[in-house]
file target_18.cif (mmCIF, C-alpha atoms)
data_protein
#
loop_
_atom_site.label_atom_id
_atom_site.label_comp_id
_atom_site.auth_asym_id
_atom_site.auth_seq_id
_atom_site.Cartn_x
_atom_site.Cartn_y
_atom_site.Cartn_z
CA MET A 1 -17.80 44.49 -13.79
CA ALA A 2 -20.96 46.05 -12.44
CA SER A 3 -22.68 44.05 -9.74
CA ASN A 4 -26.03 42.68 -10.87
CA ALA A 5 -28.65 44.97 -9.46
CA ALA A 6 -31.89 43.07 -9.93
CA VAL A 7 -31.32 39.41 -9.18
CA PRO A 8 -34.36 37.20 -9.70
CA PHE A 9 -36.32 36.54 -6.50
CA TRP A 10 -35.39 32.87 -6.42
CA ARG A 11 -31.68 33.63 -6.54
CA ALA A 12 -32.09 36.18 -3.79
CA ALA A 13 -33.68 33.43 -1.69
CA GLY A 14 -30.64 31.21 -2.25
CA MET A 15 -31.98 28.95 -5.00
CA THR A 16 -29.93 28.08 -8.08
CA TYR A 17 -31.26 28.30 -11.63
CA ILE A 18 -31.27 24.54 -12.07
CA THR A 19 -33.41 24.08 -8.93
CA TYR A 20 -35.81 26.78 -10.17
CA SER A 21 -36.02 25.19 -13.60
CA ASN A 22 -36.67 21.73 -12.16
CA ILE A 23 -39.40 23.05 -9.87
CA CYS A 24 -41.10 24.75 -12.82
CA ALA A 25 -40.87 21.57 -14.90
CA ASN A 26 -42.34 19.46 -12.09
CA LEU A 27 -45.24 21.86 -11.62
CA VAL A 28 -46.02 21.76 -15.34
CA ARG A 29 -45.86 17.96 -15.39
CA ASN A 30 -48.25 17.72 -12.46
CA CYS A 31 -50.84 19.72 -14.39
CA LEU A 32 -50.96 17.54 -17.47
CA LYS A 33 -54.03 15.62 -18.62
CA GLU A 34 -54.16 11.96 -17.91
CA PRO A 35 -52.25 9.78 -20.37
CA TYR A 36 -49.55 12.44 -20.76
CA LYS A 37 -49.16 12.90 -17.04
CA ALA A 38 -48.47 9.20 -16.48
CA GLU A 39 -45.93 9.17 -19.32
CA ALA A 40 -44.18 12.26 -18.04
CA LEU A 41 -43.91 10.97 -14.49
CA SER A 42 -42.64 7.58 -15.62
CA ARG A 43 -40.09 9.28 -17.86
CA GLU A 44 -38.74 11.33 -15.00
CA LYS A 45 -38.46 8.55 -12.42
CA VAL A 46 -34.96 8.04 -11.06
CA HIS A 47 -33.69 4.86 -9.51
CA PHE A 48 -30.32 4.80 -7.84
CA SER A 49 -28.33 3.19 -5.07
CA ILE A 50 -26.15 5.08 -2.62
CA SER A 51 -23.44 3.71 -0.42
CA LYS A 52 -21.16 5.55 1.96
CA TRP A 53 -17.53 4.52 1.96
CA THR A 54 -15.40 4.29 5.11
CA ASP A 55 -11.81 3.05 5.29
CA GLY A 56 -11.84 2.22 1.62
CA LYS A 57 -14.80 -0.15 1.89
CA PRO A 58 -18.41 0.47 0.99
CA GLU A 59 -21.01 0.17 3.70
CA LYS A 60 -24.40 -1.30 2.98
CA ALA A 61 -25.94 0.28 -0.10
CA THR A 62 -29.40 1.81 0.07
CA LEU A 63 -31.59 1.57 -3.00
CA ARG A 64 -33.68 4.62 -3.72
CA SER A 65 -36.30 5.16 -6.33
CA ASP A 66 -37.36 8.64 -5.48
CA SER A 67 -39.65 10.42 -7.81
CA PRO A 68 -37.84 13.64 -8.66
CA ASP A 69 -39.16 15.95 -5.99
CA GLU A 70 -37.17 18.87 -4.66
CA MET B 1 -19.04 28.25 -25.83
CA PHE B 2 -22.61 27.91 -24.69
CA ARG B 3 -23.75 28.37 -28.31
CA GLN B 4 -21.79 25.33 -29.39
CA ALA B 5 -23.24 23.27 -26.58
CA SER B 6 -26.79 23.80 -27.69
CA ARG B 7 -25.89 23.23 -31.32
CA LEU B 8 -24.20 19.96 -30.46
CA LEU B 9 -27.17 18.96 -28.32
CA ALA B 10 -29.49 19.65 -31.24
CA ARG B 11 -27.19 17.75 -33.58
CA THR B 12 -26.98 14.62 -31.46
CA THR B 13 -30.73 14.50 -30.88
CA ALA B 14 -31.26 15.10 -34.59
CA SER B 15 -28.98 12.24 -35.55
CA ARG B 16 -30.81 9.93 -33.17
CA ARG B 17 -33.83 10.55 -35.37
CA SER B 18 -31.54 10.16 -38.43
CA ARG B 19 -32.44 13.48 -39.98
CA ALA B 20 -29.65 15.74 -41.14
CA PHE B 21 -29.32 19.33 -40.02
CA SER B 22 -31.02 20.98 -42.96
CA SER B 23 -28.78 24.02 -42.93
CA ASP B 24 -25.51 22.07 -42.88
CA VAL B 25 -22.93 23.26 -45.38
CA PRO B 26 -21.50 20.23 -47.26
CA ALA B 27 -18.10 19.43 -45.91
CA THR B 28 -15.34 21.81 -46.84
CA PRO B 29 -13.67 21.33 -43.47
CA ALA B 30 -12.36 24.56 -42.03
CA GLN B 31 -8.66 23.90 -41.76
CA ASP B 32 -6.44 26.24 -39.88
CA SER B 33 -4.15 27.50 -42.66
CA ASN B 34 -1.75 29.18 -40.23
CA PHE B 35 -1.21 25.91 -38.44
CA ILE B 36 -0.64 24.02 -41.67
CA GLU B 37 1.89 26.56 -42.94
CA SER B 38 3.88 26.54 -39.73
CA TRP B 39 3.77 22.75 -39.65
CA THR B 40 5.08 22.36 -43.18
CA LYS B 41 7.93 24.77 -42.40
CA VAL B 42 9.00 22.77 -39.39
CA VAL B 43 8.17 19.24 -40.52
CA PRO B 44 7.87 19.14 -44.32
CA ASN B 45 7.85 15.38 -44.57
CA LEU B 46 4.85 14.49 -42.45
CA ASP B 47 1.23 15.34 -43.20
CA PRO B 48 -0.16 17.85 -40.76
CA PRO B 49 -2.52 16.29 -38.23
CA LYS B 50 -6.18 17.19 -38.36
CA THR B 51 -7.29 19.79 -35.87
CA PRO B 52 -10.62 19.70 -34.05
CA SER B 53 -12.02 22.38 -36.33
CA SER B 54 -11.66 20.12 -39.36
CA PHE B 55 -13.84 17.48 -37.71
CA MET B 56 -16.68 19.81 -36.93
CA ALA B 57 -19.28 20.62 -39.53
CA PRO B 58 -18.91 24.35 -40.08
CA ARG B 59 -21.63 26.54 -38.64
CA PRO B 60 -23.83 27.89 -41.44
CA ALA B 61 -22.21 31.14 -42.46
CA THR B 62 -23.75 34.49 -41.69
CA PRO B 63 -25.23 35.50 -45.02
CA SER B 64 -24.62 39.03 -46.21
CA SER B 65 -28.30 39.65 -46.91
CA ILE B 66 -31.07 38.79 -44.48
CA PRO B 67 -32.40 35.29 -45.16
CA THR B 68 -36.09 34.80 -45.78
CA LYS B 69 -36.63 32.04 -43.25
CA LEU B 70 -35.62 31.43 -39.66
CA THR B 71 -34.17 28.00 -38.86
CA VAL B 72 -35.47 26.74 -35.54
CA ASN B 73 -34.08 23.98 -33.34
CA PHE B 74 -36.38 23.34 -30.42
CA VAL B 75 -34.99 20.74 -28.04
CA LEU B 76 -35.99 19.17 -24.75
CA PRO B 77 -33.83 16.94 -22.57
CA TYR B 78 -35.66 13.84 -23.78
CA ALA B 79 -36.61 14.72 -27.36
CA SER B 80 -35.96 17.09 -30.21
CA GLU B 81 -39.27 18.77 -31.05
CA LEU B 82 -38.11 20.76 -34.05
CA SER B 83 -34.80 20.21 -35.74
CA GLY B 84 -33.63 22.57 -38.44
CA LYS B 85 -37.18 23.61 -39.28
CA GLU B 86 -37.53 26.65 -41.53
CA VAL B 87 -40.20 29.01 -40.28
CA ASP B 88 -41.26 32.61 -40.71
CA MET B 89 -41.31 33.70 -37.09
CA VAL B 90 -41.26 32.40 -33.53
CA ILE B 91 -42.50 34.21 -30.45
CA VAL B 92 -40.64 33.21 -27.30
CA PRO B 93 -41.69 33.98 -23.71
CA ALA B 94 -38.57 35.80 -22.53
CA THR B 95 -38.31 37.10 -18.97
CA THR B 96 -38.52 40.58 -20.45
CA GLY B 97 -41.79 39.78 -22.22
CA GLN B 98 -43.00 38.06 -25.38
CA MET B 99 -40.22 38.41 -27.91
CA GLY B 100 -40.83 37.95 -31.63
CA VAL B 101 -37.92 36.55 -33.61
CA LEU B 102 -37.79 37.11 -37.36
CA PRO B 103 -35.03 36.15 -39.80
CA GLY B 104 -32.17 38.61 -39.40
CA HIS B 105 -32.76 39.12 -35.66
CA VAL B 106 -29.76 40.43 -33.72
CA PRO B 107 -27.84 37.66 -31.97
CA THR B 108 -29.43 37.32 -28.55
CA ILE B 109 -29.41 35.05 -25.56
CA ALA B 110 -32.72 35.22 -23.75
CA GLU B 111 -33.73 33.47 -20.54
CA LEU B 112 -37.29 32.20 -20.84
CA LYS B 113 -40.04 32.31 -18.24
CA PRO B 114 -42.93 29.83 -18.11
CA GLY B 115 -45.11 30.75 -21.05
CA ILE B 116 -46.15 30.05 -24.61
CA LEU B 117 -43.82 29.52 -27.53
CA SER B 118 -45.56 30.01 -30.88
CA VAL B 119 -44.06 28.92 -34.15
CA HIS B 120 -45.45 30.70 -37.22
CA GLU B 121 -45.08 29.03 -40.59
CA GLY B 122 -47.18 30.51 -43.38
CA ASN B 123 -50.68 30.43 -41.96
CA ASP B 124 -50.01 27.72 -39.37
CA VAL B 125 -49.30 28.58 -35.78
CA THR B 126 -48.13 25.85 -33.40
CA LYS B 127 -48.16 26.69 -29.71
CA TYR B 128 -46.28 24.99 -26.89
CA PHE B 129 -46.27 25.78 -23.20
CA LEU B 130 -42.67 25.90 -21.93
CA SER B 131 -41.70 25.48 -18.31
CA SER B 132 -38.50 27.54 -18.56
CA GLY B 133 -35.33 27.53 -20.61
CA PHE B 134 -33.25 29.64 -22.93
CA ALA B 135 -33.46 30.94 -26.47
CA LEU B 136 -30.24 31.49 -28.37
CA ILE B 137 -30.47 33.43 -31.60
CA HIS B 138 -27.44 33.42 -33.82
CA ALA B 139 -26.29 35.85 -36.47
CA ASN B 140 -27.04 33.36 -39.25
CA SER B 141 -30.78 33.32 -38.38
CA VAL B 142 -30.67 30.02 -36.54
CA ALA B 143 -32.63 30.01 -33.31
CA ASP B 144 -31.97 27.37 -30.67
CA ILE B 145 -34.71 27.09 -28.11
CA ILE B 146 -34.06 24.81 -25.18
CA ALA B 147 -36.62 24.00 -22.53
CA VAL B 148 -36.88 21.45 -19.77
CA GLU B 149 -40.55 20.66 -20.34
CA ALA B 150 -42.77 21.74 -23.20
CA VAL B 151 -46.30 20.56 -23.97
CA PRO B 152 -48.95 21.56 -26.48
CA VAL B 153 -51.42 23.77 -24.65
CA ASP B 154 -54.32 21.35 -25.03
CA ARG B 155 -52.53 18.84 -22.80
CA LEU B 156 -52.88 21.04 -19.74
CA ASP B 157 -55.75 20.16 -17.40
CA PRO B 158 -57.60 23.36 -16.38
CA ALA B 159 -58.95 21.89 -13.14
CA LEU B 160 -55.47 20.92 -11.92
CA VAL B 161 -54.11 24.32 -12.90
CA GLN B 162 -56.81 26.15 -10.92
CA LYS B 163 -56.29 23.93 -7.92
CA GLY B 164 -52.52 24.45 -8.06
CA LEU B 165 -52.96 28.19 -8.34
CA ALA B 166 -55.24 28.26 -5.28
CA ASP B 167 -52.84 26.03 -3.29
CA PHE B 168 -49.79 28.12 -4.02
CA THR B 169 -51.52 31.43 -3.44
CA GLN B 170 -52.46 30.13 -0.03
CA LYS B 171 -48.92 28.86 0.60
CA LEU B 172 -47.54 32.24 -0.40
CA SER B 173 -49.53 34.02 2.25
CA SER B 174 -48.58 31.49 4.93
CA ALA B 175 -44.90 31.13 4.02
CA THR B 176 -42.28 32.01 6.60
CA THR B 177 -38.73 31.46 5.36
CA ASP B 178 -37.31 33.09 2.24
CA LEU B 179 -37.01 29.74 0.52
CA GLU B 180 -40.65 28.82 1.17
CA LYS B 181 -41.74 32.22 -0.10
CA ALA B 182 -39.64 31.76 -3.23
CA GLU B 183 -41.08 28.31 -3.91
CA ALA B 184 -44.62 29.52 -3.37
CA GLN B 185 -43.97 32.49 -5.65
CA ILE B 186 -42.64 30.18 -8.35
CA GLY B 187 -45.76 28.05 -7.99
CA VAL B 188 -48.01 31.06 -8.35
CA ASP B 189 -46.08 32.32 -11.40
CA VAL B 190 -46.09 28.99 -13.22
CA HIS B 191 -49.74 28.28 -12.53
CA SER B 192 -50.85 31.79 -13.56
CA ALA B 193 -48.88 31.39 -16.77
CA MET B 194 -50.58 28.05 -17.45
CA ASN B 195 -53.93 29.62 -16.64
CA SER B 196 -53.48 32.44 -19.12
CA ALA B 197 -52.19 29.95 -21.67
CA ILE B 198 -55.36 27.88 -21.37
CA THR B 199 -57.76 30.79 -21.36
CA GLY B 200 -55.83 33.19 -23.64
#

call {"tool": "encode", "arguments": {"input": "target_18.cif", "output": "structure tokens"}}
result
Amino acid sequence: MASNAAVPFWRAAGMTYITYSNICANLVRNCLKEPYKAEALSREKVHFSISKWTDGKPEKATLRSDSPDE
Amino acid sequence: MFRQASRLLARTTASRRSRAFSSDVPATPAQDSNFIESWTKVVPNLDPPKTPSSFMAPRPATPSSIPTKLTVNFVLPYASELSGKEVDMVIVPATTGQMGVLPGHVPTIAELKPGILSVHEGNDVTKYFLSSGFALIHANSVADIIAVEAVPVDRLDPALVQKGLADFTQKLSSATTDLEKAEAQIGVDVHSAMNSAITG
């Protein structure tokens, strides 16, 4: 199998396709006109809680509602 | 394998809107005749079990002559824009340039760059700005276009696009690490594409 000669610049910089695609989508969403921009941002909000586990027991959970930034 | 994934994605989003895949062949399930023969030799008394292929609706067959219309499935993660729509031509923004797809196009998988997708049906042209994605064209003149974000061009705000372009051009010149340069370059690319979409 020939090695891929021309990798895209983002892959050469260590970024994966999914990261690239999400960055592009975020940039497009940020340039929308008003009612659509609010809808798009509310659609893409994520809300999750993370807890680290030690010795088989969860520690205190942290609740995060990050907007999907890189 | 990837082909099936996008077809299934299009099918599930289509069924959420309760519209059937317009190019579905009515169910003559494709049964594996080899399997059935070997089964009946070994176990003649029991009915052969159904195999996964008999549950799946068969892919529309590759017709021997070139069909007159292209069937387009255009899907986004949150909605199915076009599902089984018959059109004359679509122009997709592939990384290798604007690619026109007519019925009878060779099977292709194309990675898309930020740009305009135009769907041509008779005299109507509908344009969408895509952020990035893939276009899969199958031998039976079905085109699956998948994008993360797609908006009609009139929903883009020119002032925000110009501002973004200026910001990222400035970031590009002041970027130090490879990753920052890559991000700034992506910003410049996407905003220039939006700019030419608005003005072009």

call {"tool": "interface_residues", "arguments": {"input": "target_18.cif", "of": "chain A", "to": "chain B", "cutoff": "6 Å", "atoms": "all atoms listed in the file", "output": "PDB file with C-alpha atoms, in the frame of the given file"}}
result
ATOM      1  CA  TRP A  10     -35.390  32.870  -6.420  1.00  0.00           C
ATOM      2  CA  ALA A  13     -33.680  33.430  -1.690  1.00  0.00           C
ATOM      3  CA  CYS A  24     -41.100  24.750 -12.820  1.00  0.00           C
ATOM      4  CA  ALA A  25     -40.870  21.570 -14.900  1.00  0.00           C
ATOM      5  CA  CYS A  31     -50.840  19.720 -14.390  1.00  0.00           C
ATOM      6  CA  LEU A  32     -50.960  17.540 -17.470  1.00  0.00           C
ATOM      7  CA  LYS A  33     -54.030  15.620 -18.620  1.00  0.00           C
TER       8      LYS A  33
END

call {"tool": "resolve_selection", "arguments": {"input": "target_18.cif", "expression": "the PyMOL selection byres ((chain B and resi 68) around 12)", "output": "list in words"}}
result
Pro63, Ser65, Ile66, Pro67, Lys69, Leu70, Thr71, Glu86, Val87, Asp88, Met89, Leu102, Pro103, Gly104, His105, Glu121, Asn140, Ser141 and Val142 of chain B

call {"tool": "resolve_selection", "arguments": {"input": "target_18.cif", "expression": "the PyMOL selection byres ((chain B and resi 197) around 8)", "output": "PDB file with C-alpha atoms, in the frame of the given file"}}
result
ATOM      1  CA  GLY B 115     -45.110  30.750 -21.050  1.00  0.00           C
ATOM      2  CA  ILE B 116     -46.150  30.050 -24.610  1.00  0.00           C
ATOM      3  CA  PHE B 129     -46.270  25.780 -23.200  1.00  0.00           C
ATOM      4  CA  VAL B 153     -51.420  23.770 -24.650  1.00  0.00           C
ATOM      5  CA  ALA B 193     -48.880  31.390 -16.770  1.00  0.00           C
ATOM      6  CA  MET B 194     -50.580  28.050 -17.450  1.00  0.00           C
ATOM      7  CA  ASN B 195     -53.930  29.620 -16.640  1.00  0.00           C
ATOM      8  CA  SER B 196     -53.480  32.440 -19.120  1.00  0.00           C
ATOM      9  CA  ILE B 198     -55.360  27.880 -21.370  1.00  0.00           C
ATOM     10  CA  THR B 199     -57.760  30.790 -21.360  1.00  0.00           C
ATOM     11  CA  GLY B 200     -55.830  33.190 -23.640  1.00  0.00           C
TER      12      GLY B 200
END

call {"tool": "closest_residue", "arguments": {"input": "target_18.cif", "among": "B:Phe55, B:Phe134, B:Phe35, B:Tyr128", "to": "Leu82 in chain B", "atoms": "only C-alpha atoms"}}
result
B:Tyr128

call {"tool": "atom_distance", "arguments": {"input": "target_18.cif", "atom1": "CA of Thr95 in chain B", "atom2": "CA of Lys127 in chain B"}}
result
17.9 Å

call {"tool": "atom_distance", "arguments": {"input": "target_18.cif", "atom1": "CA of Ser64 in chain B", "atom2": "CA of Thr108 in chain B"}}
result
18.4 Å

call {"tool": "closest_residue", "arguments": {"input": "target_18.cif", "among": "B:Val119, B:Ala94, B:Val101, B:Val72", "to": "Ile145 in chain B", "atoms": "all atoms listed in the file"}}
result
B:Val72

call {"tool": "atom_distance", "arguments": {"input": "target_18.cif", "atom1": "CA of Tyr17 in chain A", "atom2": "CA of Ala110 in chain B"}}
result
14.0 Å

call {"tool": "resolve_selection", "arguments": {"input": "target_18.cif", "expression": "the PyMOL selection byres ((chain A and resi 44) around 12)", "output": "ChimeraX atom specification"}}
result
/A:22,25-26,29-30,37-43,45-47,65-69 /B:77-78,148-149
